[in-house]
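Chemist: So that you have it, the file is start_31.cif, and it contains mmCIF, C-alpha atoms (C1' of nucleotides):
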```
data_start
loop_
_atom_site.group_PDB
_atom_site.id
_atom_site.type_symbol
_atom_site.label_atom_id
_atom_site.label_comp_id
_atom_site.auth_asym_id
_atom_site.auth_seq_id
_atom_site.Cartn_x
_atom_site.Cartn_y
_atom_site.Cartn_z
ATOM 1 C CA MET A 212 0.000 0.000 0.000
ATOM 2 C CA TYR A 213 1.299 3.420 -1.011
ATOM 3 C CA SER A 214 0.426 6.965 -0.022
ATOM 4 C CA ILE A 215 -0.350 9.525 -2.700
ATOM 5 C CA GLN A 216 3.142 10.999 -2.309
ATOM 6 C CA GLU A 217 4.800 7.637 -2.802
ATOM 7 C CA VAL A 218 2.767 6.999 -5.920
ATOM 8 C CA SER A 219 3.589 10.486 -7.127
ATOM 9 C CA ALA A 220 7.300 9.740 -6.724
ATOM 10 C CA LYS A 221 6.992 6.362 -8.441
ATOM 11 C CA THR A 222 4.965 7.567 -11.420
ATOM 12 C CA GLY A 223 6.239 11.100 -11.855
ATOM 13 C CA LEU A 224 2.659 12.373 -11.738
ATOM 14 C CA SER A 225 1.867 15.052 -9.149
ATOM 15 C CA ALA A 226 -0.503 14.286 -6.266
ATOM 16 C CA HIS A 227 -2.861 16.840 -7.817
ATOM 17 C CA THR A 228 -2.793 14.948 -11.083
ATOM 18 C CA LEU A 229 -3.386 11.614 -9.372
ATOM 19 C CA ARG A 230 -6.529 12.988 -7.684
ATOM 20 C CA TYR A 231 -7.590 14.530 -10.962
ATOM 21 C CA TYR A 232 -7.187 11.223 -12.790
ATOM 22 C CA GLU A 233 -9.269 9.495 -10.161
ATOM 23 C CA LYS A 234 -11.995 12.131 -10.415
ATOM 24 C CA GLU A 235 -12.005 11.712 -14.197
ATOM 25 C CA GLY A 236 -12.554 7.988 -13.822
ATOM 26 C CA LEU A 237 -9.116 6.857 -14.957
ATOM 27 C CA LEU A 238 -8.576 4.911 -11.775
ATOM 28 C CA SER A 239 -11.202 2.810 -10.066
ATOM 29 C CA GLN A 240 -12.021 4.127 -6.613
ATOM 30 C CA VAL A 241 -8.773 4.112 -4.665
ATOM 31 C CA GLU A 242 -8.953 2.629 -1.168
ATOM 32 C CA ARG A 243 -8.787 4.884 1.887
ATOM 33 C CA THR A 244 -7.434 4.718 5.414
ATOM 34 C CA PRO A 245 -9.987 5.183 8.234
ATOM 35 C CA GLY A 246 -8.957 8.827 8.205
ATOM 36 C CA GLY A 247 -9.820 9.155 4.518
ATOM 37 C CA PHE A 248 -6.287 9.153 3.039
ATOM 38 C CA ARG A 249 -5.761 7.381 -0.256
ATOM 39 C CA GLN A 250 -3.993 4.012 -0.200
ATOM 40 C CA TYR A 251 -2.847 2.779 -3.592
ATOM 41 C CA THR A 252 -2.440 -0.964 -4.187
ATOM 42 C CA GLU A 253 0.059 -2.645 -6.510
ATOM 43 C CA GLU A 254 -2.845 -3.110 -8.875
ATOM 44 C CA ASP A 255 -3.478 0.629 -8.906
ATOM 45 C CA LEU A 256 0.192 1.177 -9.714
ATOM 46 C CA GLU A 257 -0.007 -1.269 -12.584
ATOM 47 C CA ALA A 258 -3.119 0.434 -13.936
ATOM 48 C CA LEU A 259 -1.286 3.762 -13.695
ATOM 49 C CA GLY A 260 1.574 2.219 -15.648
ATOM 50 C CA LEU A 261 -0.749 1.430 -18.540
ATOM 51 C CA ILE A 262 -2.402 4.834 -18.277
ATOM 52 C CA CYS A 263 0.955 6.605 -18.535
ATOM 53 C CA CYS A 264 1.934 4.398 -21.428
ATOM 54 C CA LEU A 265 -1.232 5.255 -23.348
ATOM 55 C CA LYS A 266 -0.992 8.915 -22.429
ATOM 56 C CA ASN A 267 2.645 9.130 -23.487
ATOM 57 C CA THR A 268 1.798 7.631 -26.839
ATOM 58 C CA GLY A 269 -0.740 10.390 -27.398
ATOM 59 C CA MET A 270 -4.033 8.907 -26.268
ATOM 60 C CA SER A 271 -6.358 11.521 -24.747
ATOM 61 C CA LEU A 272 -7.501 11.137 -21.160
ATOM 62 C CA GLN A 273 -11.037 10.729 -22.478
ATOM 63 C CA GLU A 274 -10.083 7.712 -24.585
ATOM 64 C CA ILE A 275 -8.079 6.256 -21.727
ATOM 65 C CA SER A 276 -11.086 6.707 -19.481
ATOM 66 C CA CYS A 277 -13.150 4.880 -22.075
ATOM 67 C CA PHE A 278 -10.667 2.003 -22.103
ATOM 68 C CA VAL A 279 -10.721 1.825 -18.308
ATOM 69 C CA GLN A 280 -14.534 1.713 -18.262
ATOM 70 C CA LEU A 281 -14.428 -1.222 -20.674
ATOM 71 C CA THR A 282 -11.893 -3.013 -18.513
ATOM 72 C CA ARG A 283 -14.206 -2.586 -15.547
ATOM 73 C CA GLN A 284 -16.970 -4.363 -17.456
ATOM 74 C CA GLY A 285 -14.986 -7.578 -17.574
ATOM 75 C CA ASP A 286 -14.115 -10.121 -20.227
ATOM 76 C CA ARG A 287 -17.113 -9.478 -22.450
ATOM 77 C CA THR A 288 -15.460 -6.228 -23.544
ATOM 78 C CA LEU A 289 -12.162 -7.911 -24.422
ATOM 79 C CA LYS A 290 -12.817 -7.731 -28.139
ATOM 80 C CA GLU A 291 -13.584 -4.032 -28.003
ATOM 81 C CA ARG A 292 -10.459 -3.375 -25.959
ATOM 82 C CA VAL A 293 -8.296 -5.343 -28.372
ATOM 83 C CA GLU A 294 -9.753 -3.295 -31.236
ATOM 84 C CA LEU A 295 -9.123 -0.067 -29.392
ATOM 85 C CA LEU A 296 -5.510 -0.976 -28.637
ATOM 86 C CA ARG A 297 -4.941 -2.164 -32.178
ATOM 87 C CA ARG A 298 -6.193 1.113 -33.616
ATOM 88 C CA HIS A 299 -4.132 3.066 -31.135
ATOM 89 C CA ARG A 300 -1.037 1.063 -32.012
ATOM 90 C CA GLU A 301 -1.571 1.760 -35.707
ATOM 91 C CA SER A 302 -1.941 5.464 -35.067
ATOM 92 C CA VAL A 303 1.234 5.537 -32.979
ATOM 93 C CA ILE A 304 3.176 3.805 -35.725
ATOM 94 C CA GLU A 305 1.805 6.218 -38.279
ATOM 95 C CA ARG A 306 2.695 9.193 -36.128
ATOM 96 C CA MET A 307 6.203 7.860 -35.637
ATOM 97 C CA ASN A 308 6.695 7.468 -39.375
ATOM 98 C CA GLU A 309 5.465 10.992 -39.908
ATOM 99 C CA MET A 310 7.781 12.187 -37.183
ATOM 100 C CA GLN A 311 10.701 10.444 -38.866
ATOM 101 C CA LYS A 312 9.921 12.303 -42.076
ATOM 102 C CA TYR A 313 9.733 15.643 -40.294
ATOM 103 C CA LEU A 314 12.921 14.849 -38.429
ATOM 104 C CA GLU A 315 14.712 14.399 -41.722
ATOM 105 C CA LYS A 316 13.558 17.817 -42.798
ATOM 106 C CA VAL A 317 14.750 19.324 -39.519
ATOM 107 C CA THR A 318 18.113 17.622 -40.004
ATOM 108 C CA TRP A 319 18.313 18.947 -43.526
ATOM 109 C CA LYS A 320 17.516 22.480 -42.360
ATOM 110 C CA LEU A 321 20.056 22.171 -39.579
ATOM 111 C CA ASN A 322 22.770 21.172 -42.028
ATOM 112 C CA PHE A 323 21.776 23.990 -44.318
ATOM 113 C CA PHE A 324 22.051 26.582 -41.547
ATOM 114 C CA SER A 325 25.273 25.051 -40.227
ATOM 115 C CA GLU A 326 26.835 25.404 -43.635
ATOM 116 C CA LYS A 327 25.575 28.954 -43.910
ATOM 117 C CA LEU A 328 26.979 29.718 -40.475
ATOM 118 C CA ARG A 329 30.398 28.370 -41.453
ATOM 119 C CA ALA A 330 30.404 30.575 -44.543
ATOM 120 C CA TYR A 331 29.285 33.573 -42.479
ATOM 121 C CA GLU A 332 31.961 33.057 -39.846
ATOM 122 C CA ALA A 333 34.633 32.678 -42.525
ATOM 123 C CA GLY A 334 33.444 35.992 -43.955
ATOM 124 C CA GLN A 335 33.575 37.696 -40.549
ATOM 125 C CA GLU A 336 37.110 36.454 -39.967
ATOM 126 C CA GLY A 337 38.236 37.908 -43.251
ATOM 127 C CA GLN A 338 36.806 41.306 -42.276
ATOM 128 C CA GLU A 339 38.611 41.579 -38.950
ATOM 129 C CA MET B 121 0.550 34.827 -55.186
ATOM 130 C CA TYR B 122 -2.031 32.841 -53.251
ATOM 131 C CA SER B 123 -5.217 33.758 -51.415
ATOM 132 C CA ILE B 124 -5.707 32.625 -47.856
ATOM 133 C CA GLN B 125 -8.012 29.831 -49.026
ATOM 134 C CA GLU B 126 -5.423 28.512 -51.455
ATOM 135 C CA VAL B 127 -2.762 28.522 -48.761
ATOM 136 C CA SER B 128 -5.190 26.836 -46.417
ATOM 137 C CA ALA B 129 -5.711 24.078 -48.989
ATOM 138 C CA LYS B 130 -1.984 23.707 -49.620
ATOM 139 C CA THR B 131 -0.918 23.601 -45.984
ATOM 140 C CA GLY B 132 -3.884 21.955 -44.334
ATOM 141 C CA LEU B 133 -4.097 24.859 -41.884
ATOM 142 C CA SER B 134 -7.446 26.669 -41.655
ATOM 143 C CA ALA B 135 -7.722 30.299 -42.772
ATOM 144 C CA HIS B 136 -8.445 31.125 -39.143
ATOM 145 C CA THR B 137 -5.228 29.468 -38.101
ATOM 146 C CA LEU B 138 -3.227 31.234 -40.787
ATOM 147 C CA ARG B 139 -4.453 34.626 -39.544
ATOM 148 C CA TYR B 140 -3.773 33.525 -35.996
ATOM 149 C CA TYR B 141 -0.198 32.526 -36.878
ATOM 150 C CA GLU B 142 0.372 35.880 -38.511
ATOM 151 C CA LYS B 143 -0.982 37.719 -35.476
ATOM 152 C CA GLU B 144 1.308 35.677 -33.243
ATOM 153 C CA GLY B 145 4.312 36.725 -35.309
ATOM 154 C CA LEU B 146 4.988 33.358 -36.940
ATOM 155 C CA LEU B 147 4.822 34.889 -40.405
ATOM 156 C CA SER B 148 6.297 38.188 -41.379
ATOM 157 C CA GLN B 149 3.638 40.667 -42.480
ATOM 158 C CA VAL B 150 1.821 39.060 -45.392
ATOM 159 C CA GLU B 151 1.243 41.296 -48.410
ATOM 160 C CA ARG B 152 -2.237 42.613 -49.194
ATOM 161 C CA THR B 153 -4.286 43.442 -52.276
ATOM 162 C CA PRO B 154 -5.508 47.057 -52.588
ATOM 163 C CA GLY B 155 -8.735 45.764 -51.042
ATOM 164 C CA GLY B 156 -6.873 44.441 -47.973
ATOM 165 C CA PHE B 157 -6.956 40.710 -48.812
ATOM 166 C CA ARG B 158 -3.899 38.644 -47.918
ATOM 167 C CA GLN B 159 -1.603 37.573 -50.768
ATOM 168 C CA TYR B 160 0.885 34.891 -49.842
ATOM 169 C CA THR B 161 4.156 34.573 -51.764
ATOM 170 C CA GLU B 162 6.129 31.384 -52.469
ATOM 171 C CA GLU B 163 8.451 32.536 -49.725
ATOM 172 C CA ASP B 164 5.566 32.662 -47.262
ATOM 173 C CA LEU B 165 4.632 29.131 -48.291
ATOM 174 C CA GLU B 166 8.171 27.944 -47.698
ATOM 175 C CA ALA B 167 8.251 29.625 -44.286
ATOM 176 C CA LEU B 168 4.951 27.912 -43.494
ATOM 177 C CA GLY B 169 6.510 24.614 -44.499
ATOM 178 C CA LEU B 170 9.223 25.007 -41.892
ATOM 179 C CA ILE B 171 6.695 26.189 -39.310
ATOM 180 C CA CYS B 172 4.552 23.091 -39.853
ATOM 181 C CA CYS B 173 7.613 20.906 -39.686
ATOM 182 C CA LEU B 174 8.677 22.378 -36.350
ATOM 183 C CA LYS B 175 5.136 22.327 -35.006
ATOM 184 C CA ASN B 176 4.610 18.719 -36.033
ATOM 185 C CA THR B 177 7.776 17.698 -34.251
ATOM 186 C CA GLY B 178 6.407 19.218 -31.066
ATOM 187 C CA MET B 179 7.869 22.718 -30.964
ATOM 188 C CA SER B 180 5.536 25.229 -29.324
ATOM 189 C CA LEU B 181 4.278 28.200 -31.312
ATOM 190 C CA GLN B 182 6.157 30.415 -28.881
ATOM 191 C CA GLU B 183 9.481 28.767 -29.681
ATOM 192 C CA ILE B 184 8.711 28.840 -33.384
ATOM 193 C CA SER B 185 7.919 32.533 -33.094
ATOM 194 C CA CYS B 186 11.261 32.999 -31.369
ATOM 195 C CA PHE B 187 13.029 31.202 -34.220
ATOM 196 C CA VAL B 188 11.252 33.363 -36.770
ATOM 197 C CA GLN B 189 12.241 36.558 -34.940
ATOM 198 C CA LEU B 190 15.878 35.417 -35.065
ATOM 199 C CA THR B 191 15.624 34.712 -38.771
ATOM 200 C CA ARG B 192 14.306 38.211 -39.290
ATOM 201 C CA GLN B 193 17.419 39.613 -37.628
ATOM 202 C CA GLY B 194 19.652 38.244 -40.348
ATOM 203 C CA ASP B 195 22.880 36.298 -40.467
ATOM 204 C CA ARG B 196 24.242 37.477 -37.155
ATOM 205 C CA THR B 197 21.711 35.175 -35.440
ATOM 206 C CA LEU B 198 22.747 32.120 -37.479
ATOM 207 C CA LYS B 199 24.670 30.585 -34.602
ATOM 208 C CA GLU B 200 21.721 30.921 -32.246
ATOM 209 C CA ARG B 201 19.381 29.405 -34.815
ATOM 210 C CA VAL B 202 21.694 26.474 -35.424
ATOM 211 C CA GLU B 203 21.858 25.887 -31.679
ATOM 212 C CA LEU B 204 18.082 26.069 -31.392
ATOM 213 C CA LEU B 205 17.554 23.594 -34.226
ATOM 214 C CA ARG B 206 20.208 21.270 -32.843
ATOM 215 C CA ARG B 207 18.572 21.185 -29.429
ATOM 216 C CA HIS B 208 15.178 20.658 -31.018
ATOM 217 C CA ARG B 209 16.518 17.808 -33.131
ATOM 218 C CA GLU B 210 17.969 16.126 -30.043
ATOM 219 C CA SER B 211 14.675 16.427 -28.212
ATOM 220 C CA VAL B 212 12.769 14.947 -31.146
ATOM 221 C CA ILE B 213 15.122 11.980 -31.299
ATOM 222 C CA GLU B 214 14.773 11.454 -27.575
ATOM 223 C CA ARG B 215 11.010 11.611 -27.804
ATOM 224 C CA MET B 216 10.991 9.131 -30.648
ATOM 225 C CA ASN B 217 13.091 6.689 -28.662
ATOM 226 C CA GLU B 218 10.765 7.055 -25.712
ATOM 227 C CA MET B 219 7.810 6.546 -28.014
ATOM 228 C CA GLN B 220 9.393 3.385 -29.371
ATOM 229 C CA LYS B 221 9.693 2.038 -25.835
ATOM 230 C CA TYR B 222 6.077 2.855 -25.049
ATOM 231 C CA LEU B 223 4.984 1.359 -28.345
ATOM 232 C CA GLU B 224 6.599 -1.914 -27.356
ATOM 233 C CA LYS B 225 4.603 -1.912 -24.164
ATOM 234 C CA VAL B 226 1.396 -1.217 -26.088
ATOM 235 C CA THR B 227 2.219 -4.080 -28.440
ATOM 236 C CA TRP B 228 2.861 -6.345 -25.504
ATOM 237 C CA LYS B 229 -0.456 -5.405 -23.906
ATOM 238 C CA LEU B 230 -2.233 -5.895 -27.189
ATOM 239 C CA ASN B 231 -0.832 -9.389 -27.555
ATOM 240 C CA PHE B 232 -1.752 -10.142 -23.964
ATOM 241 C CA PHE B 233 -5.359 -9.084 -24.493
ATOM 242 C CA SER B 234 -5.552 -10.849 -27.855
ATOM 243 C CA GLU B 235 -4.490 -14.066 -26.222
ATOM 244 C CA LYS B 236 -6.982 -13.541 -23.425
ATOM 245 C CA LEU B 237 -9.697 -12.864 -25.978
ATOM 246 C CA ARG B 238 -8.922 -16.083 -27.819
ATOM 247 C CA ALA B 239 -9.164 -18.024 -24.571
ATOM 248 C CA TYR B 240 -12.427 -16.265 -23.694
ATOM 249 C CA GLU B 241 -13.988 -16.949 -27.072
ATOM 250 C CA ALA B 242 -12.948 -20.597 -26.885
ATOM 251 C CA GLY B 243 -14.666 -20.757 -23.488
ATOM 252 C CA GLN B 244 -17.838 -19.139 -24.869
ATOM 253 C CA GLU B 245 -17.967 -21.610 -27.725
ATOM 254 C CA GLY B 246 -17.756 -24.526 -25.298
ATOM 255 C CA GLN B 247 -20.744 -23.120 -23.394
ATOM 256 C CA GLU B 248 -23.065 -22.785 -26.354
ATOM 257 C "C1'" DT C 134 -1.138 19.336 24.246
ATOM 258 C "C1'" DA C 135 0.151 22.113 20.626
ATOM 259 C "C1'" DT C 136 1.817 22.548 16.407
ATOM 260 C "C1'" DT C 137 3.538 21.137 12.126
ATOM 261 C "C1'" DG C 138 2.846 19.183 7.905
ATOM 262 C "C1'" DA C 139 0.545 16.040 4.893
ATOM 263 C "C1'" DC C 140 -3.960 15.039 3.479
ATOM 264 C "C1'" DT C 141 -9.025 16.048 2.132
ATOM 265 C "C1'" DT C 142 -12.655 18.543 -0.923
ATOM 266 C "C1'" DA C 143 -14.939 21.525 -4.397
ATOM 267 C "C1'" DG C 144 -14.140 24.700 -7.303
ATOM 268 C "C1'" DA C 145 -11.561 28.402 -9.570
ATOM 269 C "C1'" DG C 146 -7.620 29.532 -12.503
ATOM 270 C "C1'" DT C 147 -4.120 28.687 -16.245
ATOM 271 C "C1'" DA C 148 -1.740 27.871 -20.734
ATOM 272 C "C1'" DA C 149 -1.700 26.442 -25.399
ATOM 273 C "C1'" DA C 150 -3.683 26.379 -29.630
ATOM 274 C "C1'" DC C 151 -7.039 27.143 -31.789
ATOM 275 C "C1'" DT C 152 -12.210 28.331 -33.132
ATOM 276 C "C1'" DT C 153 -16.177 31.028 -33.390
ATOM 277 C "C1'" DC C 154 -18.614 35.327 -33.454
ATOM 278 C "C1'" DA C 155 -20.274 39.824 -34.799
ATOM 279 C "C1'" DA C 156 -20.165 43.451 -37.731
ATOM 280 C "C1'" DG C 157 -18.891 45.152 -41.643
ATOM 281 C "C1'" DG C 158 -16.129 45.917 -46.355
ATOM 282 C "C1'" DA C 159 -14.555 43.690 -51.076
ATOM 283 C "C1'" DT C 160 -15.253 40.796 -55.194
ATOM 284 C "C1'" DT C 161 -17.527 38.347 -58.455
ATOM 285 C "C1'" DA C 162 -21.397 35.669 -60.942
ATOM 286 C "C1'" DG C 163 -25.713 36.411 -62.956
ATOM 287 C "C1'" DC D 252 -26.824 46.276 -59.831
ATOM 288 C "C1'" DT D 253 -27.414 43.000 -56.559
ATOM 289 C "C1'" DA D 254 -26.941 38.854 -54.161
ATOM 290 C "C1'" DA D 255 -23.829 35.588 -52.691
ATOM 291 C "C1'" DT D 256 -19.557 34.726 -51.162
ATOM 292 C "C1'" DC D 257 -15.184 35.793 -49.437
ATOM 293 C "C1'" DC D 258 -12.471 38.692 -46.806
ATOM 294 C "C1'" DT D 259 -11.420 41.881 -42.761
ATOM 295 C "C1'" DT D 260 -10.989 42.885 -37.545
ATOM 296 C "C1'" DG D 261 -10.960 42.431 -32.459
ATOM 297 C "C1'" DA D 262 -12.588 39.871 -29.043
ATOM 298 C "C1'" DA D 263 -14.822 36.233 -26.765
ATOM 299 C "C1'" DG D 264 -15.305 31.158 -26.356
ATOM 300 C "C1'" DT D 265 -13.580 26.212 -26.351
ATOM 301 C "C1'" DT D 266 -10.903 22.156 -25.226
ATOM 302 C "C1'" DT D 267 -7.414 19.609 -22.887
ATOM 303 C "C1'" DA D 268 -4.871 18.672 -19.141
ATOM 304 C "C1'" DC D 269 -3.668 20.133 -15.616
ATOM 305 C "C1'" DT D 270 -2.577 23.395 -11.368
ATOM 306 C "C1'" DC D 271 -3.708 26.097 -7.608
ATOM 307 C "C1'" DT D 272 -6.581 27.866 -3.689
ATOM 308 C "C1'" DA D 273 -9.163 27.881 0.419
ATOM 309 C "C1'" DA D 274 -10.877 25.896 4.191
ATOM 310 C "C1'" DG D 275 -10.744 22.389 6.779
ATOM 311 C "C1'" DT D 276 -9.205 17.247 8.672
ATOM 312 C "C1'" DC D 277 -5.750 13.884 10.222
ATOM 313 C "C1'" DA D 278 -1.358 12.120 12.122
ATOM 314 C "C1'" DA D 279 2.938 12.428 14.254
ATOM 315 C "C1'" DT D 280 6.160 14.742 17.091
ATOM 316 C "C1'" DA D 281 8.276 18.016 20.698
#
```
I need this file expressed as structure tokens, please.
Modeler:
Amino acid sequence: MYSIQEVSAKTGLSAHTLRYYEKEGLLSQVERTPGGFRQYTEEDLEALGLICCLKNTGMSLQEISCFVQLTRQGDRTLKERVELLRRHRESVIERMNEMQKYLEKVTWKLNFFSEKLRAYEAGQEGQE
Amino acid sequence: MYSIQEVSAKTGLSAHTLRYYEKEGLLSQVERTPGGFRQYTEEDLEALGLICCLKNTGMSLQEISCFVQLTRQGDRTLKERVELLRRHRESVIERMNEMQKYLEKVTWKLNFFSEKLRAYEAGQEGQE
DNA sequence: TATTGACTTAGAGTAAACTTCAAGGATTAG
DNA sequence: CTAATCCTTGAAGTTTACTCTAAGTCAATA
């Protein structure tokens, strides 16, 4: 069992964000101490791991929430979840390919400016 | 010379967004017809190409605006621009590597759920 | 026991990047 | 010439994902 601060340290999400995620339905109701403090289980941590993974690959919190709701409904939603993940995976791959293309352009521009800089600096030297 | 609609079609940015970018200083003052309509040059289009490239690799409009201001100041800012692009390039590469790692996890999860689905469907079949 | 500091809540505030609106002027097809 | 369409502006509104605030509760320590 982990306090909100411990989970914050482990996940890199702020305590604020963890409460926010819970409010938005991304985590099933987190257990509490008698005093009302949150107590995260290993299971919660694992769920957060998947959430971060989906978030960091560009899934919106709304879609993640949708996925979590499906999970909560048990095995009869397995097919839907597989479809959702498959689509997400495709979109990530597509975005990465796009990114690669843009990266090449950035690299090209960088080389172009580097060359221009070298020429400029050579010119400056000559003037001094 | 292109109208705002033509540029919108060419770049995929809405006319609204094009005006917004201009207001935010991402484009140098676009020329106008006597009637006040925007007339984009080939140069503007090229600048927009770089802007989209930087934006699509995750640079904020603010940073892009900064880059554009430097460009406007001529060759003496070449070094700064090269530095900026180099840092951006590094960050893109890092993000892509991270993405790759997350993608593997998504793939793993997908396979896990696929397997679970197969087992579930086999079970269902047995029950019918 | 008192106080410090972490925790609770609902709700307001923020930043980025648009997007829409209202009101009006310009251009063009019929 | 006129209607339809496109363009102009400044400003307000929207969405996402937080982030912060205020007012109060809980737990541990000097």
Chemist: Here's the selection I'm unsure about, the PyMOL selection byres ((chain A) within 12 of (chain C)); applied to the file above, which residues does it give, as a ChimeraX atom specification?
Modeler: /A:214-216,226-227,230-231,234,243-244,246-250
Chemist: Could you spell out the hits of the PyMOL selection byres ((chain A) within 7 of (chain B)) on the shown file, as a ChimeraX atom specification?
Modeler: /A:264,268,289-290,293,296-297,300,310,313,317,321,324-325,328
Chemist: Can you translate the PyMOL selection byres ((chain D) within 9 of (chain A)) into the concrete residues it hits in this file, as a PDB file with C-alpha atoms (C1' of nucleotides), in the coordinates of the input?
Modeler:
```
ATOM      1  C1'  DT D 267      -7.414  19.609 -22.887  1.00  0.00           C
ATOM      2  C1'  DA D 268      -4.871  18.672 -19.141  1.00  0.00           C
ATOM      3  C1'  DC D 269      -3.668  20.133 -15.616  1.00  0.00           C
ATOM      4  C1'  DT D 270      -2.577  23.395 -11.368  1.00  0.00           C
ATOM      5  C1'  DT D 276      -9.205  17.247   8.672  1.00  0.00           C
ATOM      6  C1'  DC D 277      -5.750  13.884  10.222  1.00  0.00           C
TER       7       DC D 277
END
```
Chemist: Of the candidates A:Arg298, A:Tyr213, A:Gly334, A:Gly236, which shows the shortest atom-to-atom distance to Glu254 of chain A, using all atoms listed in the file?
Modeler: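 Checking each candidate against Glu254 of chain A, we get A:Tyr213 as the closest.
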Chemist: Could you tell me how far atom CA of Gln240 of chain A lies from atom CA of Asp255 of chain A, in Å and to one decimal?
Modeler: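 Straight-line distance from atom CA of Gln240 of chain A to atom CA of Asp255 of chain A works out to 9.5 Å.
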